[in-house]
Amino acid sequence: MDVKEKLQQIEQTIQTACVRSGRDRSHIHIIAVTKYVSAARALEAVDAGIEHIGENRLEGALEKWEACSARASLHFIGTLQSRKVKEIVDKYDYFHSLDRLSLAKEFQKRCPEGKSLKCFLQVNVSGEQSKEGLPPEEVFDFIERLKNYPAVTVIGLMTMAPFESDPEKTRPVFRKLRYLRDEIRDRDYPHAPCLHLSMGMSNDYPVAVEEGATFVRIGTRLVGEESF
Ligand SMILES: *Cc1c(COP(=O)(O)O)cnc(C)c1O
């Protein structure tokens, strides 16, 4: 199947999930995660109608920026060492994995004058040891501290659910992130409007959509692992 056919299938699934949960399709954005594939494959996704490209490593991020930035928004979705921030800060529009003040400091130092990076706070909802992200109980304190870094705008929360062979089991994780988002949103912080939820991957995006995802991050199921 080519990317276009895969996208059609995903589109169907998202629309069904929207109907089931009473959501408006226009509130959901698909990020094609291109970390396993070439720039040519990423462009194939753009040709198929994808408007958002996601990368989790610096090398791939620079390569996809060169290939796709004229035609898609770019999302950095992985962990990044503070000293590497300068490589992407003027190239990427969205950063999904903010979980340390040291990163915010570096964004502040490196961000072009007047630009504010659209950031998601990564939250470790499930509490898995192996997962990056802030524990939920530390999120409010972290947001308070971010007031001092106008180069960072918190547009939402991001999480990765543990892999489950039954994706239904991820639902409580996504729901908890939505409740946390609602709480932050209702506080009306100017530097943290926090309207968005970045959640759902190949295995669990239908559940994430039902629970309120506004950005789903889909790799394997959309662009595959190249050449098939
Ligand atoms: C790789 C990755 C994805 C996409 O994973 P798939 O299971 O291939 O869809 C989504 N989010 C993050 C943070 C990733 O690293």
# chains A, B, ... in the order shown; residues from 1 in each chain; ligands from 1
call {"tool": "closest_atom_pairs", "arguments": {"of": "chain A", "to": "ligand 1", "cutoff": "12 Å", "atoms": "only C-alpha atoms and all ligand atoms", "output": "JSON lines"}}
result
{"residue": "A:Ile10", "atom": "CA", "partner": "ligand 1", "partner_atom_place_in_ligand_line": "9 (O)", "distance": 11.5}
{"residue": "A:Ile30", "atom": "CA", "partner": "ligand 1", "partner_atom_place_in_ligand_line": "9 (O)", "distance": 10.9}
{"residue": "A:Ile31", "atom": "CA", "partner": "ligand 1", "partner_atom_place_in_ligand_line": "10 (C)", "distance": 8.6}
{"residue": "A:Ala32", "atom": "CA", "partner": "ligand 1", "partner_atom_place_in_ligand_line": "4 (C)", "distance": 8.0}
{"residue": "A:Val33", "atom": "CA", "partner": "ligand 1", "partner_atom_place_in_ligand_line": "4 (C)", "distance": 5.5}
{"residue": "A:Thr34", "atom": "CA", "partner": "ligand 1", "partner_atom_place_in_ligand_line": "1 (C)", "distance": 8.0}
{"residue": "A:Lys35", "atom": "CA", "partner": "ligand 1", "partner_atom_place_in_ligand_line": "1 (C)", "distance": 6.6}
{"residue": "A:Tyr36", "atom": "CA", "partner": "ligand 1", "partner_atom_place_in_ligand_line": "1 (C)", "distance": 8.0}
{"residue": "A:Val37", "atom": "CA", "partner": "ligand 1", "partner_atom_place_in_ligand_line": "8 (O)", "distance": 10.6}
{"residue": "A:Ile53", "atom": "CA", "partner": "ligand 1", "partner_atom_place_in_ligand_line": "10 (C)", "distance": 10.9}
{"residue": "A:Gly54", "atom": "CA", "partner": "ligand 1", "partner_atom_place_in_ligand_line": "11 (N)", "distance": 8.0}
{"residue": "A:Glu55", "atom": "CA", "partner": "ligand 1", "partner_atom_place_in_ligand_line": "15 (O)", "distance": 7.5}
{"residue": "A:Asn56", "atom": "CA", "partner": "ligand 1", "partner_atom_place_in_ligand_line": "15 (O)", "distance": 5.7}
{"residue": "A:Arg57", "atom": "CA", "partner": "ligand 1", "partner_atom_place_in_ligand_line": "15 (O)", "distance": 8.8}
{"residue": "A:His75", "atom": "CA", "partner": "ligand 1", "partner_atom_place_in_ligand_line": "13 (C)", "distance": 10.1}
{"residue": "A:Phe76", "atom": "CA", "partner": "ligand 1", "partner_atom_place_in_ligand_line": "13 (C)", "distance": 8.6}
{"residue": "A:Ile77", "atom": "CA", "partner": "ligand 1", "partner_atom_place_in_ligand_line": "13 (C)", "distance": 4.9}
{"residue": "A:Gly78", "atom": "CA", "partner": "ligand 1", "partner_atom_place_in_ligand_line": "13 (C)", "distance": 5.5}
{"residue": "A:Thr79", "atom": "CA", "partner": "ligand 1", "partner_atom_place_in_ligand_line": "13 (C)", "distance": 8.5}
{"residue": "A:Leu80", "atom": "CA", "partner": "ligand 1", "partner_atom_place_in_ligand_line": "13 (C)", "distance": 11.7}
{"residue": "A:Phe95", "atom": "CA", "partner": "ligand 1", "partner_atom_place_in_ligand_line": "13 (C)", "distance": 10.6}
{"residue": "A:His96", "atom": "CA", "partner": "ligand 1", "partner_atom_place_in_ligand_line": "13 (C)", "distance": 7.8}
{"residue": "A:Ser97", "atom": "CA", "partner": "ligand 1", "partner_atom_place_in_ligand_line": "13 (C)", "distance": 8.0}
{"residue": "A:Leu98", "atom": "CA", "partner": "ligand 1", "partner_atom_place_in_ligand_line": "13 (C)", "distance": 11.7}
{"residue": "A:Phe120", "atom": "CA", "partner": "ligand 1", "partner_atom_place_in_ligand_line": "13 (C)", "distance": 11.6}
{"residue": "A:Gln122", "atom": "CA", "partner": "ligand 1", "partner_atom_place_in_ligand_line": "13 (C)", "distance": 9.5}
{"residue": "A:Val123", "atom": "CA", "partner": "ligand 1", "partner_atom_place_in_ligand_line": "13 (C)", "distance": 11.7}
{"residue": "A:Lys131", "atom": "CA", "partner": "ligand 1", "partner_atom_place_in_ligand_line": "13 (C)", "distance": 10.4}
{"residue": "A:Glu132", "atom": "CA", "partner": "ligand 1", "partner_atom_place_in_ligand_line": "13 (C)", "distance": 9.8}
{"residue": "A:Gly133", "atom": "CA", "partner": "ligand 1", "partner_atom_place_in_ligand_line": "13 (C)", "distance": 11.0}
{"residue": "A:Met158", "atom": "CA", "partner": "ligand 1", "partner_atom_place_in_ligand_line": "13 (C)", "distance": 8.8}
{"residue": "A:Thr159", "atom": "CA", "partner": "ligand 1", "partner_atom_place_in_ligand_line": "13 (C)", "distance": 8.0}
{"residue": "A:Met160", "atom": "CA", "partner": "ligand 1", "partner_atom_place_in_ligand_line": "13 (C)", "distance": 6.7}
{"residue": "A:Ala161", "atom": "CA", "partner": "ligand 1", "partner_atom_place_in_ligand_line": "11 (N)", "distance": 9.7}
{"residue": "A:Pro162", "atom": "CA", "partner": "ligand 1", "partner_atom_place_in_ligand_line": "7 (O)", "distance": 10.9}
{"residue": "A:Phe163", "atom": "CA", "partner": "ligand 1", "partner_atom_place_in_ligand_line": "7 (O)", "distance": 8.9}
{"residue": "A:Glu164", "atom": "CA", "partner": "ligand 1", "partner_atom_place_in_ligand_line": "7 (O)", "distance": 11.4}
{"residue": "A:Pro167", "atom": "CA", "partner": "ligand 1", "partner_atom_place_in_ligand_line": "7 (O)", "distance": 12.0}
{"residue": "A:Ser198", "atom": "CA", "partner": "ligand 1", "partner_atom_place_in_ligand_line": "11 (N)", "distance": 8.8}
{"residue": "A:Met199", "atom": "CA", "partner": "ligand 1", "partner_atom_place_in_ligand_line": "11 (N)", "distance": 7.9}
{"residue": "A:Gly200", "atom": "CA", "partner": "ligand 1", "partner_atom_place_in_ligand_line": "10 (C)", "distance": 7.3}
{"residue": "A:Met201", "atom": "CA", "partner": "ligand 1", "partner_atom_place_in_ligand_line": "9 (O)", "distance": 4.2}
{"residue": "A:Ser202", "atom": "CA", "partner": "ligand 1", "partner_atom_place_in_ligand_line": "9 (O)", "distance": 3.6}
{"residue": "A:Asn203", "atom": "CA", "partner": "ligand 1", "partner_atom_place_in_ligand_line": "7 (O)", "distance": 6.0}
{"residue": "A:Asp204", "atom": "CA", "partner": "ligand 1", "partner_atom_place_in_ligand_line": "7 (O)", "distance": 8.4}
{"residue": "A:Tyr205", "atom": "CA", "partner": "ligand 1", "partner_atom_place_in_ligand_line": "9 (O)", "distance": 8.5}
{"residue": "A:Pro206", "atom": "CA", "partner": "ligand 1", "partner_atom_place_in_ligand_line": "9 (O)", "distance": 11.9}
{"residue": "A:Phe215", "atom": "CA", "partner": "ligand 1", "partner_atom_place_in_ligand_line": "11 (N)", "distance": 10.4}
{"residue": "A:Val216", "atom": "CA", "partner": "ligand 1", "partner_atom_place_in_ligand_line": "10 (C)", "distance": 7.9}
{"residue": "A:Arg217", "atom": "CA", "partner": "ligand 1", "partner_atom_place_in_ligand_line": "10 (C)", "distance": 4.6}
{"residue": "A:Ile218", "atom": "CA", "partner": "ligand 1", "partner_atom_place_in_ligand_line": "9 (O)", "distance": 3.8}
{"residue": "A:Gly219", "atom": "CA", "partner": "ligand 1", "partner_atom_place_in_ligand_line": "9 (O)", "distance": 3.6}
{"residue": "A:Thr220", "atom": "CA", "partner": "ligand 1", "partner_atom_place_in_ligand_line": "8 (O)", "distance": 3.7}
{"residue": "A:Arg221", "atom": "CA", "partner": "ligand 1", "partner_atom_place_in_ligand_line": "9 (O)", "distance": 6.0}
{"residue": "A:Leu222", "atom": "CA", "partner": "ligand 1", "partner_atom_place_in_ligand_line": "9 (O)", "distance": 7.5}
{"residue": "A:Val223", "atom": "CA", "partner": "ligand 1", "partner_atom_place_in_ligand_line": "8 (O)", "distance": 8.5}
{"residue": "A:Gly224", "atom": "CA", "partner": "ligand 1", "partner_atom_place_in_ligand_line": "8 (O)", "distance": 7.6}
{"residue": "A:Glu225", "atom": "CA", "partner": "ligand 1", "partner_atom_place_in_ligand_line": "8 (O)", "distance": 8.4}
{"residue": "A:Glu226", "atom": "CA", "partner": "ligand 1", "partner_atom_place_in_ligand_line": "8 (O)", "distance": 11.7}
call {"tool": "select_by_dssp", "arguments": {"residues": "segment 17-204 of chain A", "states": "helix (DSSP H, G or I)", "output": "PyMOL selection string"}}
result
chain A and resi 17-21+25-27+39-47+58-68+82-88+101-110+136-146+167-185
call {"tool": "write_last_selection", "arguments": {"atoms": "C-alpha atoms", "output": "PDB file, in the first residue's frame"}}
result
ATOM      1  CA  ALA A  17     -13.756   7.562  16.195  1.00  0.00           C
ATOM      2  CA  CYS A  18     -15.096  11.123  15.856  1.00  0.00           C
ATOM      3  CA  VAL A  19     -18.610   9.865  15.273  1.00  0.00           C
ATOM      4  CA  ARG A  20     -18.360   7.500  18.252  1.00  0.00           C
ATOM      5  CA  SER A  21     -17.185  10.249  20.568  1.00  0.00           C
ATOM      6  CA  ARG A  25     -12.920  15.973  12.676  1.00  0.00           C
ATOM      7  CA  SER A  26     -11.442  19.415  12.012  1.00  0.00           C
ATOM      8  CA  HIS A  27     -10.014  19.524  15.552  1.00  0.00           C
ATOM      9  CA  ALA A  39      13.027  12.302   3.073  1.00  0.00           C
ATOM     10  CA  ALA A  40      11.534  11.018  -0.189  1.00  0.00           C
ATOM     11  CA  ARG A  41       8.999   8.995   1.764  1.00  0.00           C
ATOM     12  CA  ALA A  42       8.223  12.021   3.929  1.00  0.00           C
ATOM     13  CA  LEU A  43       7.540  14.012   0.775  1.00  0.00           C
ATOM     14  CA  GLU A  44       5.250  11.255  -0.428  1.00  0.00           C
ATOM     15  CA  ALA A  45       3.228  11.825   2.737  1.00  0.00           C
ATOM     16  CA  VAL A  46       3.133  15.561   2.042  1.00  0.00           C
ATOM     17  CA  ASP A  47       1.960  14.851  -1.502  1.00  0.00           C
ATOM     18  CA  LEU A  58      18.457  15.600  15.421  1.00  0.00           C
ATOM     19  CA  GLU A  59      19.884  14.095  12.249  1.00  0.00           C
ATOM     20  CA  GLY A  60      16.510  13.087  10.830  1.00  0.00           C
ATOM     21  CA  ALA A  61      15.076  16.397  11.955  1.00  0.00           C
ATOM     22  CA  LEU A  62      17.547  18.404   9.902  1.00  0.00           C
ATOM     23  CA  GLU A  63      17.123  16.147   6.883  1.00  0.00           C
ATOM     24  CA  LYS A  64      13.320  16.414   6.955  1.00  0.00           C
ATOM     25  CA  TRP A  65      13.518  20.148   7.545  1.00  0.00           C
ATOM     26  CA  GLU A  66      15.481  20.552   4.335  1.00  0.00           C
ATOM     27  CA  ALA A  67      13.086  18.385   2.383  1.00  0.00           C
ATOM     28  CA  CYS A  68       9.718  19.373   3.800  1.00  0.00           C
ATOM     29  CA  SER A  82      20.001  21.167  25.734  1.00  0.00           C
ATOM     30  CA  ARG A  83      23.173  21.825  23.788  1.00  0.00           C
ATOM     31  CA  LYS A  84      21.433  20.617  20.605  1.00  0.00           C
ATOM     32  CA  VAL A  85      18.557  23.079  20.937  1.00  0.00           C
ATOM     33  CA  LYS A  86      20.320  25.657  18.797  1.00  0.00           C
ATOM     34  CA  GLU A  87      20.243  23.273  15.837  1.00  0.00           C
ATOM     35  CA  ILE A  88      16.470  23.142  15.632  1.00  0.00           C
ATOM     36  CA  LEU A 101      13.707  23.829  32.779  1.00  0.00           C
ATOM     37  CA  SER A 102      17.159  23.511  31.242  1.00  0.00           C
ATOM     38  CA  LEU A 103      15.497  23.127  27.850  1.00  0.00           C
ATOM     39  CA  ALA A 104      13.312  26.190  28.358  1.00  0.00           C
ATOM     40  CA  LYS A 105      16.417  28.174  29.317  1.00  0.00           C
ATOM     41  CA  GLU A 106      18.135  27.107  26.161  1.00  0.00           C
ATOM     42  CA  PHE A 107      15.096  27.948  24.022  1.00  0.00           C
ATOM     43  CA  GLN A 108      15.074  31.382  25.622  1.00  0.00           C
ATOM     44  CA  LYS A 109      18.729  31.871  24.815  1.00  0.00           C
ATOM     45  CA  ARG A 110      18.589  30.572  21.259  1.00  0.00           C
ATOM     46  CA  PRO A 136       1.500  14.785  36.642  1.00  0.00           C
ATOM     47  CA  GLU A 137       1.809  16.292  40.129  1.00  0.00           C
ATOM     48  CA  GLU A 138       4.763  18.435  39.037  1.00  0.00           C
ATOM     49  CA  VAL A 139       3.106  19.966  36.002  1.00  0.00           C
ATOM     50  CA  PHE A 140       1.554  23.031  37.680  1.00  0.00           C
ATOM     51  CA  ASP A 141       4.761  24.023  39.394  1.00  0.00           C
ATOM     52  CA  PHE A 142       6.651  23.624  36.133  1.00  0.00           C
ATOM     53  CA  ILE A 143       4.181  25.853  34.300  1.00  0.00           C
ATOM     54  CA  GLU A 144       4.564  28.549  36.950  1.00  0.00           C
ATOM     55  CA  ARG A 145       8.305  28.540  36.374  1.00  0.00           C
ATOM     56  CA  LEU A 146       7.896  28.799  32.608  1.00  0.00           C
ATOM     57  CA  PRO A 167      -5.273  -0.511  22.824  1.00  0.00           C
ATOM     58  CA  GLU A 168      -8.423  -0.084  24.888  1.00  0.00           C
ATOM     59  CA  LYS A 169      -6.165  -0.430  27.925  1.00  0.00           C
ATOM     60  CA  THR A 170      -4.496   2.890  27.062  1.00  0.00           C
ATOM     61  CA  ARG A 171      -7.740   4.786  27.534  1.00  0.00           C
ATOM     62  CA  PRO A 172      -7.214   5.747  31.205  1.00  0.00           C
ATOM     63  CA  VAL A 173      -3.824   7.270  30.327  1.00  0.00           C
ATOM     64  CA  PHE A 174      -5.304   9.469  27.597  1.00  0.00           C
ATOM     65  CA  ARG A 175      -8.261  10.409  29.737  1.00  0.00           C
ATOM     66  CA  LYS A 176      -6.046  11.467  32.598  1.00  0.00           C
ATOM     67  CA  LEU A 177      -4.025  13.686  30.274  1.00  0.00           C
ATOM     68  CA  ARG A 178      -7.230  15.313  29.039  1.00  0.00           C
ATOM     69  CA  TYR A 179      -8.402  16.050  32.593  1.00  0.00           C
ATOM     70  CA  LEU A 180      -5.028  17.599  33.363  1.00  0.00           C
ATOM     71  CA  ARG A 181      -5.202  19.681  30.167  1.00  0.00           C
ATOM     72  CA  ASP A 182      -8.687  20.896  31.124  1.00  0.00           C
ATOM     73  CA  GLU A 183      -7.457  21.996  34.540  1.00  0.00           C
ATOM     74  CA  ILE A 184      -4.540  23.945  33.109  1.00  0.00           C
ATOM     75  CA  ARG A 185      -6.619  25.466  30.325  1.00  0.00           C
TER      76      ARG A 185
END
call {"tool": "closest_residue", "arguments": {"among": "A:Ser73, A:Gln81, A:Ile14, A:Val89", "to": "Glu211 of chain A", "atoms": "only C-alpha atoms"}}
result
A:Ile14
call {"tool": "closest_residue", "arguments": {"among": "A:Ala151, A:Ile28, A:Ala72, A:Val125", "to": "Ala208 of chain A", "atoms": "only C-alpha atoms"}}
result
A:Ile28
call {"tool": "closest_residue", "arguments": {"among": "A:Val209, A:Met1, A:Ala192, A:Leu7", "to": "Lys147 of chain A", "atoms": "only C-alpha atoms"}}
result
A:Ala192
call {"tool": "select_by_dssp", "arguments": {"residues": "segment 97-218 of chain A", "states": "strand (DSSP E or B)", "output": "ChimeraX atom specification"}}
result
/A:97-98,117-123,134,152-158,189,192,196-198,215-218
call {"tool": "atom_distance", "arguments": {"atom1": "atom CA of Gly22 of chain A", "atom2": "atom CA of Arg187 of chain A"}}
result
25.3 Å
call {"tool": "atom_distance", "arguments": {"atom1": "atom CA of Arg23 of chain A", "atom2": "atom CA of Glu128 of chain A"}}
result
29.6 Å
call {"tool": "atom_distance", "arguments": {"atom1": "atom CA of Val152 of chain A", "atom2": "atom CA of Gln129 of chain A"}}
result
26.8 Å
